[in-house]
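File shown here: final_19.tsv, holding TSV, C-alpha atoms.
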```
chain	number	residue	atom	x	y	z
A	21	MET	CA	40.90	-12.52	15.21
A	22	LYS	CA	37.99	-10.34	14.21
A	23	THR	CA	34.51	-11.21	13.26
A	24	PHE	CA	33.26	-10.46	9.80
A	25	ARG	CA	30.94	-7.89	11.37
A	26	ASP	CA	33.86	-6.03	12.94
A	27	PHE	CA	35.67	-6.11	9.64
A	28	LEU	CA	32.67	-4.77	7.72
A	29	LEU	CA	32.02	-1.96	10.17
A	30	ASN	CA	35.71	-1.01	10.08
A	31	GLU	CA	35.56	-0.95	6.30
A	32	TYR	CA	32.84	1.69	6.40
A	33	ARG	CA	34.28	3.66	9.31
A	34	ASP	CA	34.86	6.66	7.00
A	35	ALA	CA	31.13	6.95	6.47
A	36	GLU	CA	30.53	7.59	10.15
A	37	ALA	CA	31.13	11.37	10.07
A	38	PRO	CA	28.66	12.06	7.21
A	39	LEU	CA	26.18	9.75	8.90
A	40	ASP	CA	26.49	11.73	12.15
A	41	LYS	CA	25.68	14.92	10.26
A	42	LEU	CA	22.80	13.23	8.48
A	43	ARG	CA	21.38	11.94	11.77
A	44	GLU	CA	21.54	15.35	13.43
A	45	ARG	CA	19.94	16.99	10.39
A	46	VAL	CA	17.07	14.51	10.40
A	47	LEU	CA	16.51	14.81	14.14
A	48	ALA	CA	16.58	18.62	14.05
A	49	ALA	CA	14.18	18.80	11.12
A	50	GLU	CA	11.73	16.23	12.42
A	51	PHE	CA	11.60	17.51	16.00
A	52	ALA	CA	11.27	21.12	14.80
A	53	ALA	CA	8.38	20.06	12.56
A	54	ALA	CA	6.80	18.16	15.44
A	55	LYS	CA	6.99	21.24	17.68
A	56	ASN	CA	5.42	23.42	14.99
A	57	THR	CA	2.51	21.07	14.47
A	58	ALA	CA	1.96	20.32	18.15
A	59	GLY	CA	-1.18	22.44	18.38
A	60	PRO	CA	-4.60	21.22	19.54
A	61	LYS	CA	-5.59	18.22	17.51
A	62	PRO	CA	-8.98	18.24	15.75
A	63	TRP	CA	-11.85	16.35	17.31
A	64	TRP	CA	-11.39	12.64	16.60
A	65	PRO	CA	-14.55	12.05	14.48
A	66	TRP	CA	-13.47	14.89	12.26
A	67	ARG	CA	-9.98	13.39	11.94
A	68	TRP	CA	-11.54	10.02	11.23
A	69	ALA	CA	-13.93	11.45	8.65
A	70	SER	CA	-11.21	13.44	6.95
A	71	ALA	CA	-9.04	10.32	6.72
A	72	ILE	CA	-11.72	8.34	4.86
A	73	PRO	CA	-11.40	10.07	1.46
A	74	LEU	CA	-7.64	9.67	1.60
A	75	LYS	CA	-7.97	6.00	2.53
A	76	LEU	CA	-10.50	5.43	-0.24
A	77	TRP	CA	-8.25	7.18	-2.71
A	78	ASN	CA	-5.21	5.17	-1.62
A	79	GLU	CA	-6.89	1.78	-1.46
A	80	LEU	CA	-9.67	1.95	-4.02
A	81	VAL	CA	-8.76	4.45	-6.71
A	82	TRP	CA	-4.99	4.66	-6.83
A	83	PRO	CA	-4.20	0.92	-7.15
A	84	ALA	CA	-6.62	0.65	-10.11
A	85	ARG	CA	-6.03	4.09	-11.55
A	86	GLN	CA	-5.79	2.85	-15.15
A	87	LEU	CA	-9.15	1.11	-14.81
A	88	TRP	CA	-10.76	4.24	-13.37
A	89	ALA	CA	-9.21	6.35	-16.10
A	90	GLY	CA	-10.66	3.90	-18.65
A	91	PHE	CA	-14.11	4.25	-17.09
A	92	ALA	CA	-13.80	8.02	-17.20
A	93	VAL	CA	-12.91	7.95	-20.90
A	94	VAL	CA	-15.85	5.62	-21.67
A	95	TRP	CA	-18.26	7.89	-19.81
A	96	MET	CA	-16.93	10.94	-21.59
A	97	LEU	CA	-17.42	9.18	-24.94
A	98	ILE	CA	-20.98	8.21	-23.99
A	99	GLY	CA	-21.69	11.80	-22.98
A	100	PHE	CA	-20.20	13.11	-26.21
A	101	VAL	CA	-22.23	10.72	-28.39
A	102	ASP	CA	-25.37	11.59	-26.42
A	103	PHE	CA	-24.69	15.27	-26.96
A	104	LEU	CA	-24.27	14.76	-30.71
A	105	GLU	CA	-27.46	12.72	-31.07
A	106	ARG	CA	-29.64	15.15	-29.12
A	107	GLU	CA	-32.27	17.07	-31.20
A	108	PRO	CA	-31.67	20.74	-31.82
A	109	ARG	CA	-33.07	22.92	-29.05
A	110	GLY	CA	-35.71	24.80	-31.15
A	111	VAL	CA	-37.44	21.69	-32.49
A	112	SER	CA	-38.46	19.96	-29.30
A	113	GLN	CA	-39.44	23.09	-27.37
A	114	PRO	CA	-43.21	23.34	-26.81
A	115	VAL	CA	-45.02	25.93	-28.86
A	116	MET	CA	-46.67	27.32	-25.73
A	117	ALA	CA	-43.38	28.67	-24.52
A	118	ALA	CA	-43.44	31.39	-27.15
A	119	ALA	CA	-47.28	31.83	-27.37
A	120	SER	CA	-49.19	34.93	-26.23
A	121	PRO	CA	-51.58	34.86	-23.20
A	122	GLN	CA	-54.55	35.11	-25.59
A	123	ALA	CA	-53.46	32.03	-27.49
A	124	TYR	CA	-52.89	30.21	-24.21
A	125	LEU	CA	-56.44	30.95	-23.07
A	126	THR	CA	-57.83	29.69	-26.39
A	127	TRP	CA	-55.77	26.53	-26.08
A	128	GLN	CA	-57.02	26.01	-22.53
A	129	ARG	CA	-60.64	26.44	-23.58
A	130	GLU	CA	-60.20	23.89	-26.36
A	131	GLN	CA	-58.67	21.46	-23.90
A	132	GLU	CA	-61.64	21.89	-21.51
A	133	MET	CA	-64.12	21.28	-24.33
A	134	PHE	CA	-62.23	18.21	-25.40
A	135	LEU	CA	-62.31	16.92	-21.83
A	136	VAL	CA	-66.08	17.46	-21.62
A	137	GLU	CA	-66.58	15.56	-24.90
A	138	LEU	CA	-64.53	12.71	-23.59
A	139	GLN	CA	-66.59	12.53	-20.39
A	140	ASN	CA	-69.81	12.51	-22.40
A	141	ALA	CA	-68.56	9.75	-24.63
A	142	ALA	CA	-67.60	7.66	-21.62
A	143	ALA	CA	-71.02	8.07	-19.85
A	144	PRO	CA	-73.67	5.30	-20.57
A	145	PRO	CA	-76.77	6.25	-22.66
A	146	ALA	CA	-79.83	7.30	-20.61
A	147	ASN	CA	-82.24	4.58	-22.01
A	148	ALA	CA	-79.94	1.62	-21.57
A	149	PRO	CA	-81.31	-1.28	-19.39
A	150	PRO	CA	-79.86	-1.45	-15.88
A	151	PRO	CA	-77.21	-4.11	-15.40
A	152	PRO	CA	-78.38	-7.35	-13.73
A	153	PRO	CA	-77.93	-7.42	-9.98
A	154	VAL	CA	-74.81	-9.17	-8.81
A	155	GLN	CA	-75.65	-12.52	-7.24
A	156	PRO	CA	-73.52	-14.87	-5.18
A	157	LYS	CA	-71.89	-17.75	-7.06
A	158	THR	CA	-74.10	-20.36	-5.35
A	159	ALA	CA	-77.25	-18.51	-6.41
A	160	GLU	CA	-75.99	-18.38	-10.02
A	161	ALA	CA	-75.31	-22.13	-9.97
A	162	ALA	CA	-78.79	-22.89	-8.55
A	163	GLU	CA	-80.37	-20.67	-11.19
A	164	SER	CA	-78.59	-22.43	-14.09
A	165	LYS	CA	-79.49	-25.86	-12.62
A	166	ARG	CA	-83.12	-24.82	-12.35
A	167	LYS	CA	-83.10	-23.69	-16.02
A	168	THR	CA	-81.56	-26.99	-17.09
A	169	TRP	CA	-84.20	-29.13	-15.31
A	170	ALA	CA	-86.95	-26.89	-16.56
E	8	MET	CA	32.29	-0.32	17.57
E	9	PRO	CA	28.57	-0.71	18.27
E	10	PRO	CA	27.86	-4.00	20.01
E	11	VAL	CA	25.47	-6.51	18.50
E	12	ALA	CA	21.86	-5.68	19.34
E	13	GLU	CA	21.11	-5.69	23.05
E	14	PRO	CA	17.48	-4.71	22.93
E	15	GLU	CA	17.01	-4.36	26.66
E	16	LEU	CA	19.67	-1.62	26.79
E	17	LEU	CA	18.23	0.42	23.97
E	18	PRO	CA	16.02	3.36	25.01
E	19	VAL	CA	13.20	2.39	22.68
E	20	ALA	CA	10.39	3.20	25.13
E	21	GLN	CA	11.77	6.70	25.71
E	22	ALA	CA	12.16	7.22	21.98
E	23	ARG	CA	8.60	6.11	21.51
E	24	ALA	CA	7.58	8.76	24.02
E	25	GLY	CA	9.26	11.37	21.82
E	26	ASP	CA	12.59	11.83	23.57
E	27	GLU	CA	15.08	13.28	21.09
E	28	GLN	CA	18.17	12.09	22.92
E	29	SER	CA	16.90	8.50	22.88
E	30	TRP	CA	16.42	8.69	19.13
E	31	ARG	CA	19.95	10.00	18.84
E	32	ILE	CA	21.28	6.99	20.76
E	33	LEU	CA	19.24	4.56	18.66
E	34	PHE	CA	20.26	6.04	15.34
E	35	GLN	CA	23.89	6.24	16.43
E	36	ARG	CA	23.76	2.58	17.33
E	37	PHE	CA	22.33	1.48	13.98
E	38	GLN	CA	23.63	4.00	11.44
E	39	LEU	CA	26.84	2.19	10.57
E	40	PRO	CA	25.33	-1.32	10.45
E	41	LEU	CA	22.61	0.10	8.19
E	42	TYR	CA	25.28	1.59	5.98
E	43	ALA	CA	27.20	-1.68	5.94
E	44	TYR	CA	24.00	-3.43	4.90
E	45	LEU	CA	22.81	-0.96	2.27
E	46	PHE	CA	26.10	-0.08	0.62
E	47	PRO	CA	26.80	-3.58	-0.77
E	48	MET	CA	23.20	-3.64	-1.97
E	49	VAL	CA	23.08	-0.31	-3.85
E	50	ARG	CA	26.83	0.26	-4.38
E	51	ASN	CA	26.50	4.02	-4.33
E	52	GLU	CA	27.51	6.22	-1.42
E	53	GLN	CA	24.97	8.99	-2.01
E	54	THR	CA	22.10	6.59	-2.62
E	55	CYS	CA	23.05	4.73	0.51
E	56	ARG	CA	22.94	7.92	2.59
E	57	ASP	CA	19.62	8.91	1.04
E	58	LEU	CA	18.16	5.54	1.94
E	59	ILE	CA	19.40	5.84	5.51
E	60	GLN	CA	17.92	9.32	5.78
E	61	GLU	CA	14.56	8.05	4.52
E	62	THR	CA	14.79	5.15	6.96
E	63	PHE	CA	15.39	7.49	9.90
E	64	ILE	CA	12.53	9.78	8.90
E	65	ASN	CA	10.21	6.83	8.44
E	66	ALA	CA	11.19	5.39	11.80
E	67	LEU	CA	10.56	8.71	13.57
E	68	ARG	CA	7.18	9.17	11.96
E	69	HIS	CA	5.91	5.61	12.23
E	70	VAL	CA	7.34	4.36	15.50
E	71	GLY	CA	3.73	3.58	16.46
E	72	SER	CA	3.84	0.62	14.09
E	73	LEU	CA	6.64	-1.00	16.14
E	74	ARG	CA	4.90	-3.77	18.05
E	75	GLU	CA	7.69	-4.88	20.38
E	76	ASP	CA	10.41	-2.60	21.71
E	77	GLY	CA	12.84	-5.52	21.66
E	78	LYS	CA	12.50	-5.78	17.90
E	79	PHE	CA	13.57	-2.22	17.15
E	80	GLY	CA	16.67	-3.35	15.24
E	81	SER	CA	14.87	-5.74	12.92
E	82	TRP	CA	12.05	-3.20	12.48
E	83	LEU	CA	14.56	-0.51	11.46
E	84	PHE	CA	16.35	-2.88	9.08
E	85	GLY	CA	12.95	-3.83	7.67
E	86	ILE	CA	12.28	-0.18	6.81
E	87	ALA	CA	15.72	0.12	5.24
E	88	HIS	CA	15.15	-3.04	3.24
E	89	GLN	CA	11.82	-1.75	1.90
E	90	LYS	CA	13.48	1.54	0.95
E	91	CYS	CA	16.12	-0.44	-0.89
E	92	LEU	CA	13.48	-2.39	-2.81
E	93	LEU	CA	11.67	0.84	-3.70
E	94	HIS	CA	14.94	2.28	-4.96
E	95	TRP	CA	15.47	-0.73	-7.20
E	96	ARG	CA	11.90	-0.52	-8.42
E	97	LYS	CA	12.39	3.14	-9.33
E	98	GLU	CA	15.40	2.10	-11.35
E	99	HIS	CA	13.28	-0.61	-13.00
E	100	ARG	CA	15.56	-3.32	-11.69
E	101	ASP	CA	14.07	-6.56	-10.53
E	102	VAL	CA	17.20	-7.60	-8.69
E	103	TRP	CA	15.30	-9.21	-5.87
E	104	SER	CA	14.42	-12.16	-8.11
E	105	GLU	CA	17.96	-12.52	-9.48
E	106	GLU	CA	18.83	-15.81	-7.90
E	107	PRO	CA	19.01	-19.41	-8.97
E	108	PRO	CA	16.00	-21.60	-8.19
E	109	VAL	CA	16.06	-22.57	-4.54
E	110	ASP	CA	15.73	-26.10	-3.23
E	111	GLN	CA	15.33	-27.38	0.30
E	112	PRO	CA	18.18	-26.39	2.60
E	113	ASP	CA	20.16	-29.08	4.32
E	114	GLU	CA	20.19	-28.98	8.08
E	115	ASP	CA	23.93	-29.38	8.58
E	116	ALA	CA	24.65	-25.75	7.85
E	117	GLU	CA	27.76	-24.66	9.64
E	118	GLN	CA	27.80	-22.02	12.36
E	119	PRO	CA	27.50	-18.45	11.12
E	120	GLY	CA	30.95	-17.17	11.99
E	121	ALA	CA	32.95	-20.28	11.16
E	122	LEU	CA	33.67	-19.42	7.55
E	123	LEU	CA	34.24	-15.78	8.11
E	124	LEU	CA	36.31	-15.49	11.22
E	125	ARG	CA	39.79	-15.10	9.78
E	126	VAL	CA	40.57	-11.45	9.31
E	127	GLU	CA	42.99	-12.15	6.41
E	128	GLN	CA	40.10	-13.52	4.44
E	129	ALA	CA	37.61	-10.82	5.38
E	130	ALA	CA	38.45	-8.45	2.53
E	131	GLU	CA	38.20	-11.25	0.06
E	132	VAL	CA	34.93	-12.41	1.55
E	133	ARG	CA	33.48	-8.93	1.26
E	134	GLN	CA	34.54	-8.79	-2.37
E	135	LYS	CA	33.03	-12.20	-3.09
E	136	LEU	CA	29.89	-11.29	-1.22
E	137	GLU	CA	29.15	-8.66	-3.85
E	138	GLN	CA	29.15	-11.36	-6.52
E	139	LEU	CA	26.22	-13.11	-4.90
E	140	PRO	CA	22.65	-12.42	-6.07
E	141	PRO	CA	21.06	-9.60	-4.01
E	142	PRO	CA	18.63	-11.82	-2.05
E	143	GLN	CA	21.46	-14.08	-0.89
E	144	ARG	CA	23.68	-11.09	-0.21
E	145	ALA	CA	20.94	-9.54	1.90
E	146	VAL	CA	20.37	-12.58	4.11
E	147	LEU	CA	24.08	-13.09	4.67
E	148	LEU	CA	24.65	-9.44	5.55
E	149	LEU	CA	21.69	-9.36	7.92
E	150	HIS	CA	22.86	-12.57	9.54
E	151	TYR	CA	26.46	-11.51	10.04
E	152	LEU	CA	25.96	-7.82	10.75
E	153	GLU	CA	23.31	-7.95	13.44
E	154	ASP	CA	23.18	-11.65	14.17
E	155	PHE	CA	19.51	-11.67	13.23
E	156	SER	CA	17.74	-15.00	13.47
E	157	VAL	CA	16.21	-16.64	10.42
E	158	GLU	CA	12.76	-15.58	11.64
E	159	GLU	CA	13.89	-11.98	12.04
E	160	ILE	CA	15.43	-11.97	8.57
E	161	ALA	CA	12.16	-13.37	7.22
E	162	GLU	CA	10.32	-10.45	8.83
E	163	ILE	CA	12.82	-7.88	7.58
E	164	THR	CA	12.74	-9.11	4.00
E	165	ALA	CA	9.03	-10.07	4.08
E	166	THR	CA	9.97	-13.57	2.91
E	167	PRO	CA	8.88	-17.00	4.20
E	168	VAL	CA	11.21	-18.57	6.77
E	169	GLY	CA	11.88	-21.56	4.50
E	170	THR	CA	13.02	-19.28	1.70
E	171	VAL	CA	15.36	-17.44	4.06
E	172	LYS	CA	16.86	-20.74	5.25
E	173	SER	CA	17.34	-21.82	1.68
E	174	ARG	CA	18.92	-18.53	0.65
E	175	LEU	CA	21.26	-18.61	3.63
E	176	HIS	CA	22.33	-22.12	2.79
E	177	HIS	CA	22.91	-21.33	-0.89
E	178	ALA	CA	24.69	-18.08	-0.07
E	179	ARG	CA	27.14	-19.86	2.25
E	180	ARG	CA	27.77	-22.58	-0.27
E	181	ALA	CA	28.26	-20.09	-3.11
E	182	LEU	CA	30.60	-18.04	-0.99
E	183	ARG	CA	32.61	-21.11	-0.09
E	184	VAL	CA	32.90	-22.09	-3.75
E	185	LEU	CA	34.00	-18.59	-4.69
E	186	MET	CA	36.63	-18.62	-1.94
E	187	GLU	CA	37.93	-22.03	-2.94
E	188	GLU	CA	38.25	-20.96	-6.56
E	189	ASN	CA	40.79	-18.33	-5.55
E	190	SER	CA	42.62	-20.32	-2.91
E	191	PRO	CA	46.02	-21.78	-4.01
```
Represent the structure of the file as structure tokens.
Amino acid sequence: MKTFRDFLLNEYRDAEAPLDKLRERVLAAEFAAAKNTAGPKPWWPWRWASAIPLKLWNELVWPARQLWAGFAVVWMLIGFVDFLEREPRGVSQPVMAAASPQAYLTWQREQEMFLVELQNAAAPPANAPPPPPVQPKTAEAAESKRKTWA
Amino acid sequence: MPPVAEPELLPVAQARAGDEQSWRILFQRFQLPLYAYLFPMVRNEQTCRDLIQETFINALRHVGSLREDGKFGSWLFGIAHQKCLLHWRKEHRDVWSEEPPVDQPDEDAEQPGALLLRVEQAAEVRQKLEQLPPPQRAVLLLHYLEDFSVEEIAEITATPVGTVKSRLHHARRALRVLMEENSP
């Protein structure tokens, strides 16, 4: 009497030799690779920091890659439309950029004169009566009451 | 013939420490059971070997993820099972869901070896086993090959314990029906 396990393993006994070869190949390759890379390891914060982008990529970007690709396309379209609707370069450039130093000085003088005119317009006329002195609220109330009774 | 898992005798701690000879012993112990598990699942010799190779490489590189040394066998089978699922996914086959709807298992399930002990029937059983849906085939193979408990099979296949119990029950019943159909 044999168990089903014994029977199954006997059934696949022919596969044992190729599996032995496979096992030795894997062990040789992996341990050789481990020896080659067994140098000094980088400082742990650096390892940690360098693992973050990969982790972000694997957990944030890659699972929703179609969504991110969609966002990218939308942004590219927005950028393209914005580029098309922008005014031609020559129109919106200030005139001063191409002006001579003489013209600039004239423009500056005009601006100064304009500023002086504005200041004069904002200043009160010389013969205007002085504004009434600011009184406390209670004084104002007493004054109005006095006027009423009078 | 490799004996059924005896975790305390396996040099898992030494392998974890990077001892090549210990890995050799471990792989030698599990290579044929892995083959006997994967071959009925993928039904292709080369694919089966590729999956075992990937399993070995994965085990060597990620032995740090093994929590208990005593669970090396189920951990290794878990890797192999995941590789198998990935292989099916690459082939765009959703075979893992190819099974009839499961109901609650009854508790009077017979002992594991009882149906399958007679060597005259073994070949026929193996043939019939391949007619079962892959999830049922997987639980039966895991149960008979390595004598894994229901909990261990649940861990290997990343399935709830209740589902594993149900699959085991249905697989045994289906196998019995298939055997009776052919019996005189």
query = Which residue, E:Leu67, E:Glu153, E:Cys55, E:Glu98, has the smallest gap to E:Glu27 when you use all atoms listed in the file?
reply =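 Comparing E:Leu67, E:Glu153, E:Cys55, E:Glu98 against E:Glu27, the winner is E:Leu67.
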ask   = What is the atom CA of E:Phe34-atom CA of A:Glu31 distance in Å, reported with one decimal?
value =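 That distance, rounded to one decimal, is 19.1 Å.
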ask   = Distance atom CA of E:Ala181-atom CA of E:Glu131, one decimal place?
value =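 Result for atom CA of E:Ala181 versus atom CA of E:Glu131: 13.7 Å, one decimal.
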task = For stretch 139-149 of chain E, list every protein, DNA or RNA residue within 10 Å, evaluated using all atoms listed in the file, and leave out those in the same chain fewer than 5 positions away; present the list as a count of residues only.
result = 44
ask   = For chain A, which residues have at least one atom within 8 Å of chain E, if we go by all atoms listed in the file? Write them as a PyMOL selection string, please.
value = chain A and resi 21-29+32-33+35-36+39-40+42-44+46-47+50-51
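You will find atom CA of E:Trp82 at 27.8 Å from atom CA of A:Leu80.
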